[in-house]
Each structure stands twice: as structure tokens, then as C-alpha cells.
>>> print(open('input.pdb').read())   # PDB, C-alpha atoms, pLDDT in the B column
ATOM      1  CA  MET A   1     178.939 152.746 135.711  1.00 93.00           C
ATOM      2  CA  ILE A   2     177.901 155.932 137.449  1.00 95.00           C
ATOM      3  CA  ILE A   3     176.195 158.613 135.393  1.00 95.00           C
ATOM      4  CA  GLU A   4     175.444 162.132 136.567  1.00 94.00           C
ATOM      5  CA  THR A   5     171.944 163.486 136.162  1.00 95.00           C
ATOM      6  CA  MET A   6     170.453 166.851 137.033  1.00 93.00           C
ATOM      7  CA  ARG A   7     167.167 165.490 138.359  1.00 92.00           C
ATOM      8  CA  PHE A   8     168.221 162.226 139.894  1.00 93.00           C
ATOM      9  CA  GLY A   9     171.789 162.840 141.033  1.00 94.00           C
ATOM     10  CA  SER A  10     174.269 160.028 140.470  1.00 95.00           C
ATOM     11  CA  LEU A  11     172.771 156.897 138.989  1.00 94.00           C
ATOM     12  CA  ASP A  12     174.390 153.519 138.823  1.00 95.00           C
ATOM     13  CA  VAL A  13     173.605 152.056 135.423  1.00 95.00           C
ATOM     14  CA  GLU A  14     174.640 148.874 133.710  1.00 95.00           C
ATOM     15  CA  GLU A  15     176.124 149.130 130.243  1.00 95.00           C
ATOM     16  CA  LYS A  16     173.671 146.448 129.129  1.00 95.00           C
ATOM     17  CA  ASP A  17     170.721 148.680 130.043  1.00 95.00           C
ATOM     18  CA  ILE A  18     171.841 151.604 127.924  1.00 97.00           C
ATOM     19  CA  ILE A  19     169.576 152.211 124.942  1.00 98.00           C
ATOM     20  CA  GLU A  20     171.071 153.541 121.738  1.00 98.00           C
ATOM     21  CA  ILE A  21     168.715 155.829 119.848  1.00 98.00           C
ATOM     22  CA  ILE A  22     169.658 155.614 116.160  1.00 95.00           C
ATOM     23  CA  ASP A  23     170.209 159.153 114.805  1.00 93.00           C
ATOM     24  CA  GLY A  24     169.185 160.574 118.194  1.00 96.00           C
ATOM     25  CA  LEU A  25     165.904 162.377 118.835  1.00 97.00           C
ATOM     26  CA  LEU A  26     164.930 165.152 116.432  1.00 96.00           C
ATOM     27  CA  GLY A  27     166.605 168.305 117.694  1.00 95.00           C
ATOM     28  CA  PHE A  28     169.026 166.256 119.835  1.00 97.00           C
ATOM     29  CA  GLU A  29     170.778 164.273 117.162  1.00 95.00           C
ATOM     30  CA  GLU A  30     174.126 164.217 118.933  1.00 96.00           C
ATOM     31  CA  THR A  31     172.813 162.485 122.024  1.00 97.00           C
ATOM     32  CA  ARG A  32     172.379 158.790 121.345  1.00 98.00           C
ATOM     33  CA  ARG A  33     172.626 156.967 124.671  1.00 98.00           C
ATOM     34  CA  TYR A  34     169.824 156.880 127.207  1.00 98.00           C
ATOM     35  CA  VAL A  35     168.574 154.866 130.139  1.00 97.00           C
ATOM     36  CA  LEU A  36     164.912 154.231 130.774  1.00 97.00           C
ATOM     37  CA  PHE A  37     163.357 153.876 134.184  1.00 95.00           C
ATOM     38  CA  ASP A  38     159.981 154.153 135.891  1.00 95.00           C
ATOM     39  CA  HIS A  39     159.090 157.390 137.644  1.00 94.00           C
ATOM     40  CA  ASP A  40     157.437 155.466 140.462  1.00 92.00           C
ATOM     41  CA  SER A  41     155.409 152.334 141.041  1.00 89.00           C
ATOM     42  CA  GLU A  42     152.000 153.982 140.845  1.00 90.00           C
ATOM     43  CA  THR A  43     151.922 155.887 137.583  1.00 91.00           C
ATOM     44  CA  PRO A  44     152.736 154.827 134.026  1.00 94.00           C
ATOM     45  CA  LEU A  45     155.298 157.646 133.764  1.00 95.00           C
ATOM     46  CA  LYS A  46     158.865 156.820 132.849  1.00 96.00           C
ATOM     47  CA  TRP A  47     162.024 158.820 132.338  1.00 97.00           C
ATOM     48  CA  LEU A  48     164.337 158.611 129.368  1.00 97.00           C
ATOM     49  CA  GLN A  49     167.559 160.055 130.758  1.00 97.00           C
ATOM     50  CA  ALA A  50     170.537 160.858 128.553  1.00 97.00           C
ATOM     51  CA  VAL A  51     173.666 159.076 129.702  1.00 97.00           C
ATOM     52  CA  ASP A  52     176.105 161.702 128.450  1.00 95.00           C
ATOM     53  CA  ASN A  53     174.119 164.849 129.207  1.00 96.00           C
ATOM     54  CA  PRO A  54     172.946 165.281 132.809  1.00 95.00           C
ATOM     55  CA  GLU A  55     170.360 167.950 131.954  1.00 95.00           C
ATOM     56  CA  LEU A  56     168.694 166.040 129.150  1.00 97.00           C
ATOM     57  CA  ALA A  57     165.786 163.842 130.099  1.00 97.00           C
ATOM     58  CA  PHE A  58     162.295 163.215 128.811  1.00 97.00           C
ATOM     59  CA  VAL A  59     159.096 162.166 130.506  1.00 97.00           C
ATOM     60  CA  VAL A  60     157.762 159.280 128.441  1.00 97.00           C
ATOM     61  CA  MET A  61     155.142 156.581 128.654  1.00 97.00           C
ATOM     62  CA  GLU A  62     153.618 153.768 126.665  1.00 96.00           C
ATOM     63  CA  PRO A  63     150.826 155.227 124.540  1.00 96.00           C
ATOM     64  CA  PHE A  64     148.380 152.319 124.627  1.00 94.00           C
ATOM     65  CA  ILE A  65     147.195 153.264 128.086  1.00 92.00           C
ATOM     66  CA  PHE A  66     145.583 156.446 126.834  1.00 92.00           C
ATOM     67  CA  CYS A  67     145.280 155.529 123.181  1.00 93.00           C
ATOM     68  CA  PRO A  68     144.348 151.833 123.025  1.00 92.00           C
ATOM     69  CA  ASP A  69     143.847 151.823 119.264  1.00 94.00           C
ATOM     70  CA  TYR A  70     147.195 153.441 118.519  1.00 95.00           C
ATOM     71  CA  GLU A  71     148.891 151.574 115.726  1.00 94.00           C
ATOM     72  CA  PHE A  72     151.317 152.140 112.905  1.00 94.00           C
ATOM     73  CA  ASP A  73     153.523 150.254 110.491  1.00 92.00           C
ATOM     74  CA  LEU A  74     157.265 150.355 110.423  1.00 92.00           C
ATOM     75  CA  SER A  75     158.983 150.617 107.079  1.00 90.00           C
ATOM     76  CA  HIS A  76     161.123 147.724 105.943  1.00 89.00           C
ATOM     77  CA  ASN A  77     164.158 149.867 106.601  1.00 91.00           C
ATOM     78  CA  GLU A  78     163.060 150.697 110.148  1.00 93.00           C
ATOM     79  CA  VAL A  79     162.472 147.018 110.918  1.00 95.00           C
ATOM     80  CA  GLN A  80     165.958 146.270 109.627  1.00 94.00           C
ATOM     81  CA  GLU A  81     167.622 149.101 111.496  1.00 94.00           C
ATOM     82  CA  LEU A  82     165.998 148.021 114.736  1.00 96.00           C
ATOM     83  CA  LYS A  83     166.564 144.342 113.916  1.00 96.00           C
ATOM     84  CA  LEU A  84     163.048 143.493 114.993  1.00 96.00           C
ATOM     85  CA  SER A  85     161.979 139.899 114.423  1.00 93.00           C
ATOM     86  CA  ASN A  86     158.502 140.303 115.884  1.00 91.00           C
ATOM     87  CA  THR A  87     156.237 142.869 117.553  1.00 89.00           C
ATOM     88  CA  ASP A  88     156.830 141.460 121.042  1.00 92.00           C
ATOM     89  CA  GLU A  89     160.401 142.648 120.876  1.00 94.00           C
ATOM     90  CA  ALA A  90     159.264 146.221 120.352  1.00 96.00           C
ATOM     91  CA  ALA A  91     158.494 148.721 123.060  1.00 97.00           C
ATOM     92  CA  VAL A  92     156.753 151.938 122.074  1.00 98.00           C
ATOM     93  CA  LEU A  93     157.149 155.145 124.029  1.00 98.00           C
ATOM     94  CA  VAL A  94     155.842 158.611 123.412  1.00 98.00           C
ATOM     95  CA  ILE A  95     157.346 161.821 124.718  1.00 98.00           C
ATOM     96  CA  LEU A  96     155.177 163.880 127.047  1.00 97.00           C
ATOM     97  CA  VAL A  97     155.029 167.623 127.462  1.00 97.00           C
ATOM     98  CA  VAL A  98     153.775 168.745 130.872  1.00 94.00           C
ATOM     99  CA  PRO A  99     152.559 172.358 130.803  1.00 92.00           C
ATOM    100  CA  ASP A 100     151.891 174.579 133.838  1.00 89.00           C
ATOM    101  CA  ASP A 101     148.515 172.931 134.244  1.00 90.00           C
ATOM    102  CA  PRO A 102     149.384 169.220 134.396  1.00 89.00           C
ATOM    103  CA  LYS A 103     145.861 168.281 133.316  1.00 90.00           C
ATOM    104  CA  LYS A 104     146.773 169.650 129.921  1.00 93.00           C
ATOM    105  CA  ILE A 105     149.575 167.117 129.506  1.00 95.00           C
ATOM    106  CA  THR A 106     150.167 166.083 125.900  1.00 97.00           C
ATOM    107  CA  ALA A 107     151.871 163.172 124.192  1.00 97.00           C
ATOM    108  CA  ASN A 108     153.631 163.333 120.853  1.00 98.00           C
ATOM    109  CA  ILE A 109     151.963 160.451 119.093  1.00 97.00           C
ATOM    110  CA  LYS A 110     153.130 161.665 115.720  1.00 97.00           C
ATOM    111  CA  ALA A 111     156.726 160.812 116.578  1.00 98.00           C
ATOM    112  CA  PRO A 112     156.872 157.735 118.798  1.00 98.00           C
ATOM    113  CA  ILE A 113     160.081 156.098 119.929  1.00 98.00           C
ATOM    114  CA  VAL A 114     160.273 152.421 119.059  1.00 98.00           C
ATOM    115  CA  ILE A 115     162.807 150.357 120.969  1.00 98.00           C
ATOM    116  CA  ASN A 116     163.992 146.826 120.370  1.00 97.00           C
ATOM    117  CA  ARG A 117     163.982 145.533 123.938  1.00 96.00           C
ATOM    118  CA  THR A 118     166.401 142.724 123.225  1.00 95.00           C
ATOM    119  CA  ILE A 119     169.244 144.651 121.666  1.00 96.00           C
ATOM    120  CA  LYS A 120     168.434 148.017 123.273  1.00 97.00           C
ATOM    121  CA  LYS A 121     168.318 149.990 120.057  1.00 97.00           C
ATOM    122  CA  GLY A 122     165.618 152.549 119.389  1.00 98.00           C
ATOM    123  CA  LYS A 123     164.538 155.204 116.955  1.00 97.00           C
ATOM    124  CA  GLN A 124     162.143 158.125 116.911  1.00 97.00           C
ATOM    125  CA  LEU A 125     159.802 157.644 113.951  1.00 96.00           C
ATOM    126  CA  VAL A 126     157.684 160.250 112.213  1.00 95.00           C
ATOM    127  CA  LEU A 127     154.309 158.797 111.305  1.00 93.00           C
ATOM    128  CA  ASN A 128     152.384 159.784 108.211  1.00 86.00           C
ATOM    129  CA  ASN A 129     148.972 159.311 109.776  1.00 82.00           C
ATOM    130  CA  GLU A 130     147.327 162.725 109.966  1.00 82.00           C
ATOM    131  CA  ALA A 131     145.075 161.548 112.748  1.00 88.00           C
ATOM    132  CA  TYR A 132     148.057 161.362 115.085  1.00 94.00           C
ATOM    133  CA  PRO A 133     149.076 164.848 116.209  1.00 95.00           C
ATOM    134  CA  VAL A 134     152.209 166.140 117.816  1.00 96.00           C
ATOM    135  CA  LYS A 135     150.057 167.225 120.770  1.00 96.00           C
ATOM    136  CA  PHE A 136     147.611 164.565 121.879  1.00 95.00           C
ATOM    137  CA  TYR A 137     145.857 165.547 125.096  1.00 95.00           C
ATOM    138  CA  LEU A 138     145.785 162.629 127.523  1.00 93.00           C
ATOM    139  CA  PHE A 139     142.717 163.887 129.287  1.00 90.00           C
ATOM    140  CA  GLN A 140     139.478 164.113 127.370  1.00 74.00           C
ATOM    141  CA  GLY A 141     137.777 167.391 127.041  1.00 63.00           C
ATOM    142  CA  GLU A 142     141.039 168.877 125.848  1.00 52.00           C
ATOM    143  CA  ASN A 143     141.006 167.014 122.535  1.00 54.00           C
ATOM    144  CA  LYS A 144     138.643 169.426 120.820  1.00 53.00           C
ATOM    145  CA  GLY A 145     137.914 168.254 117.336  1.00 51.00           C
ATOM    146  CA  GLN A 146     140.098 165.175 117.544  1.00 50.00           C
ATOM    147  CA  GLY A 147     137.351 162.586 117.456  1.00 48.00           C
ATOM    148  CA  GLY A 148     136.823 162.157 121.161  1.00 45.00           C
ATOM    149  CA  ARG A 149     139.686 159.816 121.919  1.00 45.00           C
TER     150      ARG A 149
ATOM    151  CA  MET B   1     172.506 177.403 100.439  1.00 94.00           C
ATOM    152  CA  LEU B   2     173.219 176.316  96.900  1.00 96.00           C
ATOM    153  CA  ALA B   3     170.384 177.322  94.564  1.00 96.00           C
ATOM    154  CA  LEU B   4     170.122 175.713  91.147  1.00 96.00           C
ATOM    155  CA  THR B   5     167.558 176.304  88.457  1.00 97.00           C
ATOM    156  CA  ARG B   6     165.994 173.218  86.902  1.00 97.00           C
ATOM    157  CA  ARG B   7     163.272 172.517  84.390  1.00 97.00           C
ATOM    158  CA  VAL B   8     160.622 169.844  84.772  1.00 97.00           C
ATOM    159  CA  GLY B   9     162.243 166.469  84.302  1.00 97.00           C
ATOM    160  CA  GLU B  10     165.700 167.657  85.267  1.00 98.00           C
ATOM    161  CA  SER B  11     167.522 166.380  88.334  1.00 97.00           C
ATOM    162  CA  ILE B  12     170.119 167.138  90.940  1.00 97.00           C
ATOM    163  CA  ILE B  13     172.410 164.573  92.531  1.00 97.00           C
ATOM    164  CA  ILE B  14     173.487 165.004  96.157  1.00 97.00           C
ATOM    165  CA  GLY B  15     176.438 162.964  97.408  1.00 96.00           C
ATOM    166  CA  ASN B  16     176.553 159.596  95.725  1.00 95.00           C
ATOM    167  CA  ASP B  17     173.121 158.315  96.553  1.00 96.00           C
ATOM    168  CA  ILE B  18     170.505 161.027  96.517  1.00 97.00           C
ATOM    169  CA  GLU B  19     168.697 162.255  93.431  1.00 98.00           C
ATOM    170  CA  ILE B  20     166.133 165.063  93.389  1.00 97.00           C
ATOM    171  CA  THR B  21     163.951 165.397  90.298  1.00 98.00           C
ATOM    172  CA  ILE B  22     161.468 168.131  89.390  1.00 98.00           C
ATOM    173  CA  VAL B  23     158.417 166.061  88.513  1.00 98.00           C
ATOM    174  CA  GLU B  24     155.835 168.734  87.822  1.00 97.00           C
ATOM    175  CA  VAL B  25     155.254 172.440  88.161  1.00 97.00           C
ATOM    176  CA  LYS B  26     151.665 173.594  88.590  1.00 97.00           C
ATOM    177  CA  GLY B  27     151.024 177.229  89.470  1.00 96.00           C
ATOM    178  CA  ASP B  28     153.007 177.958  92.622  1.00 96.00           C
ATOM    179  CA  GLN B  29     153.474 174.285  93.503  1.00 97.00           C
ATOM    180  CA  VAL B  30     156.447 172.170  92.576  1.00 97.00           C
ATOM    181  CA  ARG B  31     156.251 168.403  92.761  1.00 97.00           C
ATOM    182  CA  ILE B  32     159.645 167.057  93.752  1.00 97.00           C
ATOM    183  CA  GLY B  33     160.716 163.434  93.397  1.00 97.00           C
ATOM    184  CA  ILE B  34     163.382 162.074  95.694  1.00 97.00           C
ATOM    185  CA  ASN B  35     165.424 158.944  95.163  1.00 97.00           C
ATOM    186  CA  ALA B  36     167.483 158.120  98.212  1.00 95.00           C
ATOM    187  CA  PRO B  37     168.587 155.112 100.236  1.00 92.00           C
ATOM    188  CA  LYS B  38     165.836 153.963 102.582  1.00 85.00           C
ATOM    189  CA  SER B  39     168.040 154.834 105.533  1.00 83.00           C
ATOM    190  CA  VAL B  40     167.942 158.524 104.692  1.00 87.00           C
ATOM    191  CA  LYS B  41     165.165 160.348 106.487  1.00 85.00           C
ATOM    192  CA  ILE B  42     163.040 162.598 104.272  1.00 90.00           C
ATOM    193  CA  LEU B  43     160.496 164.940 105.817  1.00 90.00           C
ATOM    194  CA  ARG B  44     158.633 168.099 104.916  1.00 92.00           C
ATOM    195  CA  LYS B  45     160.540 170.793 106.742  1.00 94.00           C
ATOM    196  CA  GLU B  46     157.598 172.113 108.744  1.00 94.00           C
ATOM    197  CA  ILE B  47     156.933 168.641 110.146  1.00 93.00           C
ATOM    198  CA  PHE B  48     160.579 168.151 111.011  1.00 94.00           C
ATOM    199  CA  GLU B  49     160.585 171.537 112.761  1.00 96.00           C
ATOM    200  CA  GLU B  50     157.332 170.857 114.568  1.00 96.00           C
ATOM    201  CA  ILE B  51     158.684 167.654 116.046  1.00 97.00           C
ATOM    202  CA  GLN B  52     162.031 169.214 116.874  1.00 97.00           C
ATOM    203  CA  ALA B  53     160.253 172.039 118.699  1.00 97.00           C
ATOM    204  CA  GLU B  54     158.016 169.613 120.583  1.00 97.00           C
ATOM    205  CA  ASN B  55     161.044 167.518 121.601  1.00 98.00           C
ATOM    206  CA  LYS B  56     162.723 170.674 122.863  1.00 97.00           C
ATOM    207  CA  LYS B  57     159.663 171.654 124.887  1.00 97.00           C
ATOM    208  CA  ALA B  58     159.658 168.172 126.354  1.00 97.00           C
ATOM    209  CA  ALA B  59     163.340 168.457 127.264  1.00 97.00           C
ATOM    210  CA  ASN B  60     162.571 171.697 129.099  1.00 95.00           C
ATOM    211  CA  VAL B  61     159.995 169.887 131.192  1.00 93.00           C
ATOM    212  CA  ALA B  62     162.747 167.846 132.825  1.00 89.00           C
ATOM    213  CA  ILE B  63     164.585 171.020 133.721  1.00 90.00           C
ATOM    214  CA  ASN B  64     161.586 172.981 135.014  1.00 90.00           C
ATOM    215  CA  LEU B  65     159.328 170.381 136.569  1.00 90.00           C
ATOM    216  CA  GLY B  66     159.290 171.266 140.256  1.00 88.00           C
ATOM    217  CA  LYS B  67     158.088 169.174 143.163  1.00 87.00           C
ATOM    218  CA  THR B  68     154.592 170.664 143.278  1.00 88.00           C
ATOM    219  CA  ARG B  69     153.907 169.956 139.645  1.00 89.00           C
ATOM    220  CA  VAL B  70     155.333 166.468 139.998  1.00 92.00           C
ATOM    221  CA  LYS B  71     152.849 165.750 142.783  1.00 91.00           C
ATOM    222  CA  GLU B  72     149.972 167.147 140.732  1.00 91.00           C
ATOM    223  CA  LEU B  73     151.130 165.136 137.754  1.00 92.00           C
ATOM    224  CA  GLU B  74     151.384 161.953 139.790  1.00 92.00           C
ATOM    225  CA  SER B  75     147.896 162.311 141.152  1.00 90.00           C
ATOM    226  CA  ILE B  76     146.427 162.865 137.681  1.00 90.00           C
ATOM    227  CA  MET B  77     148.373 159.981 136.186  1.00 90.00           C
ATOM    228  CA  LYS B  78     147.372 157.563 138.931  1.00 86.00           C
ATOM    229  CA  LYS B  79     143.792 158.062 137.815  1.00 78.00           C
ATOM    230  CA  LEU B  80     144.811 157.125 134.294  1.00 74.00           C
ATOM    231  CA  ASN B  81     146.346 153.895 135.524  1.00 67.00           C
ATOM    232  CA  SER B  82     143.353 152.889 137.564  1.00 62.00           C
ATOM    233  CA  SER B  83     140.775 153.682 134.916  1.00 58.00           C
ATOM    234  CA  LYS B  84     142.195 151.045 132.568  1.00 48.00           C
TER     235      LYS B  84
END
>>> encode(input="input.pdb", output="C-alpha cells")
Amino acid sequence: MIIETMRFGSLDVEEKDIIEIIDGLLGFEETRRYVLFDHDSETPLKWLQAVDNPELAFVVMEPFIFCPDYEFDLSHNEVQELKLSNTDEAAVLVILVVPDDPKKITANIKAPIVINRTIKKGKQLVLNNEAYPVKFYLFQGENKGQGGR
Amino acid sequence: MLALTRRVGESIIIGNDIEITIVEVKGDQVRIGINAPKSVKILRKEIFEEIQAENKKAANVAINLGKTRVKELESIMKKLNSSK
């Protein structure tokens, strides 16, 4: 099917590639369907583009590249909702905010999106770990007082 | 907003499945107990709002990110890829 997007024009997407975000993202609860694709072949950046809202898209990436020790537990309910049988089925993405100075790019590691790759269902979780902030600076030197990671 | 007055130990039921109980009152702090199905999300409001606001900022990035910034971003992010 063809979807319209503000940034990427018309995209041809397969129904089977559409990811359903349970409850939507916080602040965007009515938008549930997204497609995920790489920004290019040279950076780890990806786009999470809403299927039903051409203007809504998020720059995302896997957090382990800049935060190798990132880890968290899912509640029993979250595992059930996402129907995860094992960790290999799960993809983790974090939403990036790119300010005017791109070196100050931050990732929201407090509220990652966990996706079950097999059934294409995902959810934005809110972690309880105080060490994981809403604004994690990808480039060191900006993480003042955050333990040097 | 519906405002009800409760004493410690008293509860409020919301819908069929959610129960709020006043557990303790100490000075200006109220300890609130919540019994709800695991599927119901429960968050301190300021955290909910913080994440909502951050998501909204992120959504604005897609709208405002022009070609120059994309190029700058790409060149910074390539370094991230290659340093791992």
C-alpha cells in the first residue's frame, strides 16, 4: 500500500511491515501504526514513520551502540502484551531529539520502545531506573554529572 | 475533576477495576495505594508529562530537520558507528 509522508513523499509499504504500537507513544496515543526504516546505510539512524499521519515521524536508533550496558526488565504484563517468548525477538529503539547543534543530540533512554520483531507489536515503556534520563547525550562531554557514559 | 475527601484507610473505586486507597498521611505528603489491572499504566504525573513533552520535541525534529542539519547529523553519527 502507498502511504503519504511529509519527509519522504509516497512510500510503498507492505501491510506485514507495519508495526502496531500498543497504546501509542505518550502524547500521541491515537497514532498506533508505524513503519520503521533505516535513514541510510552509513549511520545507525532510523525513522519511525506514522502510517496514518504524514507529518508524524521520529528519529530513532538502537541504544546499545552508545549505551552498551543499557538494560532493563519488562514486567510480566509487558511480556504478555508483546507476546515475547525470548529476548532475541525483541528490538529496542530509543527516540532521539536533534537540537540546533546536532552534537547535542539526546536519546530518551527513560522511555524506550520495545518491539516484538516477529509479530510487529511494540510499546513505549517508562523505566523506573533513575540512572536513565529522558535526555541522554550521545556524545560525551555533554553528560555532565551522569557518570561519564 | 471530581474531588473527594478521604481519611487514611479509606478508598475510591474507579470503573470496575481500579481502587485507590489512602495509605498514610505524613505532613504534606500523602501515600496513595493503587490496585489496578497490570495492563493499566500508572505513572507520577510529572514523569508522564516529561516523556510526553520529550516525545513532542522529537516529533518536531522530523518537521524541522533541514538538509544542512541532516548532513551534520550524518557526519556525527558515522563517527559513532565506526568507533564501535
>>> resolve_selection(input="input.pdb", expression="the PyMOL selection byres ((chain A and resi 110) around 12)", output="count of residues only")
35
>>> resolve_selection(input="input.pdb", expression="the ChimeraX specification (/A :<7) & /B", output="number ranges by chain")
B: 38-39, 51-52, 55-59, 61-63, 69, 72-74, 76-78, 81
>>> write_last_selection(input="input.pdb", atoms="C-alpha atoms", output="PDB file, in the coordinates of the input")
ATOM      1  CA  LYS B  38     165.836 153.963 102.582  1.00 85.00           C
ATOM      2  CA  SER B  39     168.040 154.834 105.533  1.00 83.00           C
ATOM      3  CA  ILE B  51     158.684 167.654 116.046  1.00 97.00           C
ATOM      4  CA  GLN B  52     162.031 169.214 116.874  1.00 97.00           C
ATOM      5  CA  ASN B  55     161.044 167.518 121.601  1.00 98.00           C
ATOM      6  CA  LYS B  56     162.723 170.674 122.863  1.00 97.00           C
ATOM      7  CA  LYS B  57     159.663 171.654 124.887  1.00 97.00           C
ATOM      8  CA  ALA B  58     159.658 168.172 126.354  1.00 97.00           C
ATOM      9  CA  ALA B  59     163.340 168.457 127.264  1.00 97.00           C
ATOM     10  CA  VAL B  61     159.995 169.887 131.192  1.00 93.00           C
ATOM     11  CA  ALA B  62     162.747 167.846 132.825  1.00 89.00           C
ATOM     12  CA  ILE B  63     164.585 171.020 133.721  1.00 90.00           C
ATOM     13  CA  ARG B  69     153.907 169.956 139.645  1.00 89.00           C
ATOM     14  CA  GLU B  72     149.972 167.147 140.732  1.00 91.00           C
ATOM     15  CA  LEU B  73     151.130 165.136 137.754  1.00 92.00           C
ATOM     16  CA  GLU B  74     151.384 161.953 139.790  1.00 92.00           C
ATOM     17  CA  ILE B  76     146.427 162.865 137.681  1.00 90.00           C
ATOM     18  CA  MET B  77     148.373 159.981 136.186  1.00 90.00           C
ATOM     19  CA  LYS B  78     147.372 157.563 138.931  1.00 86.00           C
ATOM     20  CA  ASN B  81     146.346 153.895 135.524  1.00 67.00           C
TER      21      ASN B  81
END
>>> atom_distance(input="input.pdb", atom1="CA of Val40 (chain B)", atom2="CA of Leu36 (chain A)")
26.6 Å
>>> resolve_selection(input="input.pdb", expression="the PyMOL selection byres ((chain A and resi 115) around 12)", output="PyMOL selection string")
chain A and resi 18-22+34-36+48+62+74+78-79+81-84+87-94+112-114+116-125
>>> atom_distance(input="input.pdb", atom1="CA of Leu2 (chain B)", atom2="CA of Asn16 (chain B)")
17.1 Å
>>> closest_residue(input="input.pdb", among="A:Met61, A:Gly24, A:Gln140, A:Asp69", to="Phe37 (chain A)", atoms="all atoms listed in the file")
A:Met61
>>> build_atoms(input="input.pdb", residues="region 25-46 of chain A", atoms="N, CA and C atoms", output="PDB file, in the frame of the given file")
ATOM      1  N   LEU A  25     167.253 161.815 118.955  1.00 97.00           N
ATOM      2  CA  LEU A  25     165.904 162.377 118.835  1.00 97.00           C
ATOM      3  C   LEU A  25     165.989 163.647 118.006  1.00 97.00           C
ATOM      4  N   LEU A  26     164.921 163.957 117.281  1.00 96.00           N
ATOM      5  CA  LEU A  26     164.930 165.152 116.432  1.00 96.00           C
ATOM      6  C   LEU A  26     165.204 166.393 117.287  1.00 96.00           C
ATOM      7  N   GLY A  27     166.220 167.128 116.925  1.00 95.00           N
ATOM      8  CA  GLY A  27     166.605 168.305 117.694  1.00 95.00           C
ATOM      9  C   GLY A  27     167.728 167.987 118.668  1.00 95.00           C
ATOM     10  N   PHE A  28     167.980 166.687 118.898  1.00 97.00           N
ATOM     11  CA  PHE A  28     169.026 166.256 119.835  1.00 97.00           C
ATOM     12  C   PHE A  28     169.829 165.135 119.199  1.00 97.00           C
ATOM     13  N   GLU A  29     170.178 165.350 117.948  1.00 95.00           N
ATOM     14  CA  GLU A  29     170.778 164.273 117.162  1.00 95.00           C
ATOM     15  C   GLU A  29     172.109 163.792 117.709  1.00 95.00           C
ATOM     16  N   GLU A  30     172.809 164.648 118.462  1.00 96.00           N
ATOM     17  CA  GLU A  30     174.126 164.217 118.933  1.00 96.00           C
ATOM     18  C   GLU A  30     174.073 163.333 120.158  1.00 96.00           C
ATOM     19  N   THR A  31     172.945 163.317 120.826  1.00 97.00           N
ATOM     20  CA  THR A  31     172.813 162.485 122.024  1.00 97.00           C
ATOM     21  C   THR A  31     172.169 161.170 121.633  1.00 97.00           C
ATOM     22  N   ARG A  32     172.883 160.079 121.819  1.00 98.00           N
ATOM     23  CA  ARG A  32     172.379 158.790 121.345  1.00 98.00           C
ATOM     24  C   ARG A  32     172.088 157.801 122.475  1.00 98.00           C
ATOM     25  N   ARG A  33     172.713 157.992 123.634  1.00 98.00           N
ATOM     26  CA  ARG A  33     172.626 156.967 124.671  1.00 98.00           C
ATOM     27  C   ARG A  33     171.739 157.424 125.812  1.00 98.00           C
ATOM     28  N   TYR A  34     170.798 156.562 126.172  1.00 98.00           N
ATOM     29  CA  TYR A  34     169.824 156.880 127.207  1.00 98.00           C
ATOM     30  C   TYR A  34     169.601 155.665 128.099  1.00 98.00           C
ATOM     31  N   VAL A  35     169.099 155.952 129.311  1.00 97.00           N
ATOM     32  CA  VAL A  35     168.574 154.866 130.139  1.00 97.00           C
ATOM     33  C   VAL A  35     167.104 155.169 130.414  1.00 97.00           C
ATOM     34  N   LEU A  36     166.350 154.115 130.584  1.00 97.00           N
ATOM     35  CA  LEU A  36     164.912 154.231 130.774  1.00 97.00           C
ATOM     36  C   LEU A  36     164.542 153.674 132.131  1.00 97.00           C
ATOM     37  N   PHE A  37     163.811 154.442 132.922  1.00 95.00           N
ATOM     38  CA  PHE A  37     163.357 153.876 134.184  1.00 95.00           C
ATOM     39  C   PHE A  37     162.006 154.457 134.581  1.00 95.00           C
ATOM     40  N   ASP A  38     161.303 153.719 135.448  1.00 95.00           N
ATOM     41  CA  ASP A  38     159.981 154.153 135.891  1.00 95.00           C
ATOM     42  C   ASP A  38     160.108 155.360 136.813  1.00 95.00           C
ATOM     43  N   HIS A  39     159.122 156.239 136.742  1.00 94.00           N
ATOM     44  CA  HIS A  39     159.090 157.390 137.644  1.00 94.00           C
ATOM     45  C   HIS A  39     158.765 156.930 139.062  1.00 94.00           C
ATOM     46  N   ASP A  40     157.804 156.037 139.156  1.00 92.00           N
ATOM     47  CA  ASP A  40     157.437 155.466 140.462  1.00 92.00           C
ATOM     48  C   ASP A  40     156.675 154.186 140.192  1.00 92.00           C
ATOM     49  N   SER A  41     156.102 153.603 141.264  1.00 89.00           N
ATOM     50  CA  SER A  41     155.409 152.334 141.041  1.00 89.00           C
ATOM     51  C   SER A  41     153.912 152.518 140.840  1.00 89.00           C
ATOM     52  N   GLU A  42     153.455 153.772 140.895  1.00 90.00           N
ATOM     53  CA  GLU A  42     152.000 153.982 140.845  1.00 90.00           C
ATOM     54  C   GLU A  42     151.487 154.642 139.588  1.00 90.00           C
ATOM     55  N   THR A  43     152.361 155.232 138.818  1.00 91.00           N
ATOM     56  CA  THR A  43     151.922 155.887 137.583  1.00 91.00           C
ATOM     57  C   THR A  43     152.621 155.219 136.409  1.00 91.00           C
ATOM     58  N   PRO A  44     152.070 155.406 135.199  1.00 94.00           N
ATOM     59  CA  PRO A  44     152.736 154.827 134.026  1.00 94.00           C
ATOM     60  C   PRO A  44     153.900 155.692 133.509  1.00 94.00           C
ATOM     61  N   LEU A  45     154.248 156.743 134.237  1.00 95.00           N
ATOM     62  CA  LEU A  45     155.298 157.646 133.764  1.00 95.00           C
ATOM     63  C   LEU A  45     156.682 157.007 133.853  1.00 95.00           C
ATOM     64  N   LYS A  46     157.473 157.284 132.835  1.00 96.00           N
ATOM     65  CA  LYS A  46     158.865 156.820 132.849  1.00 96.00           C
ATOM     66  C   LYS A  46     159.756 157.991 132.471  1.00 96.00           C
TER      67      LYS A  46
END
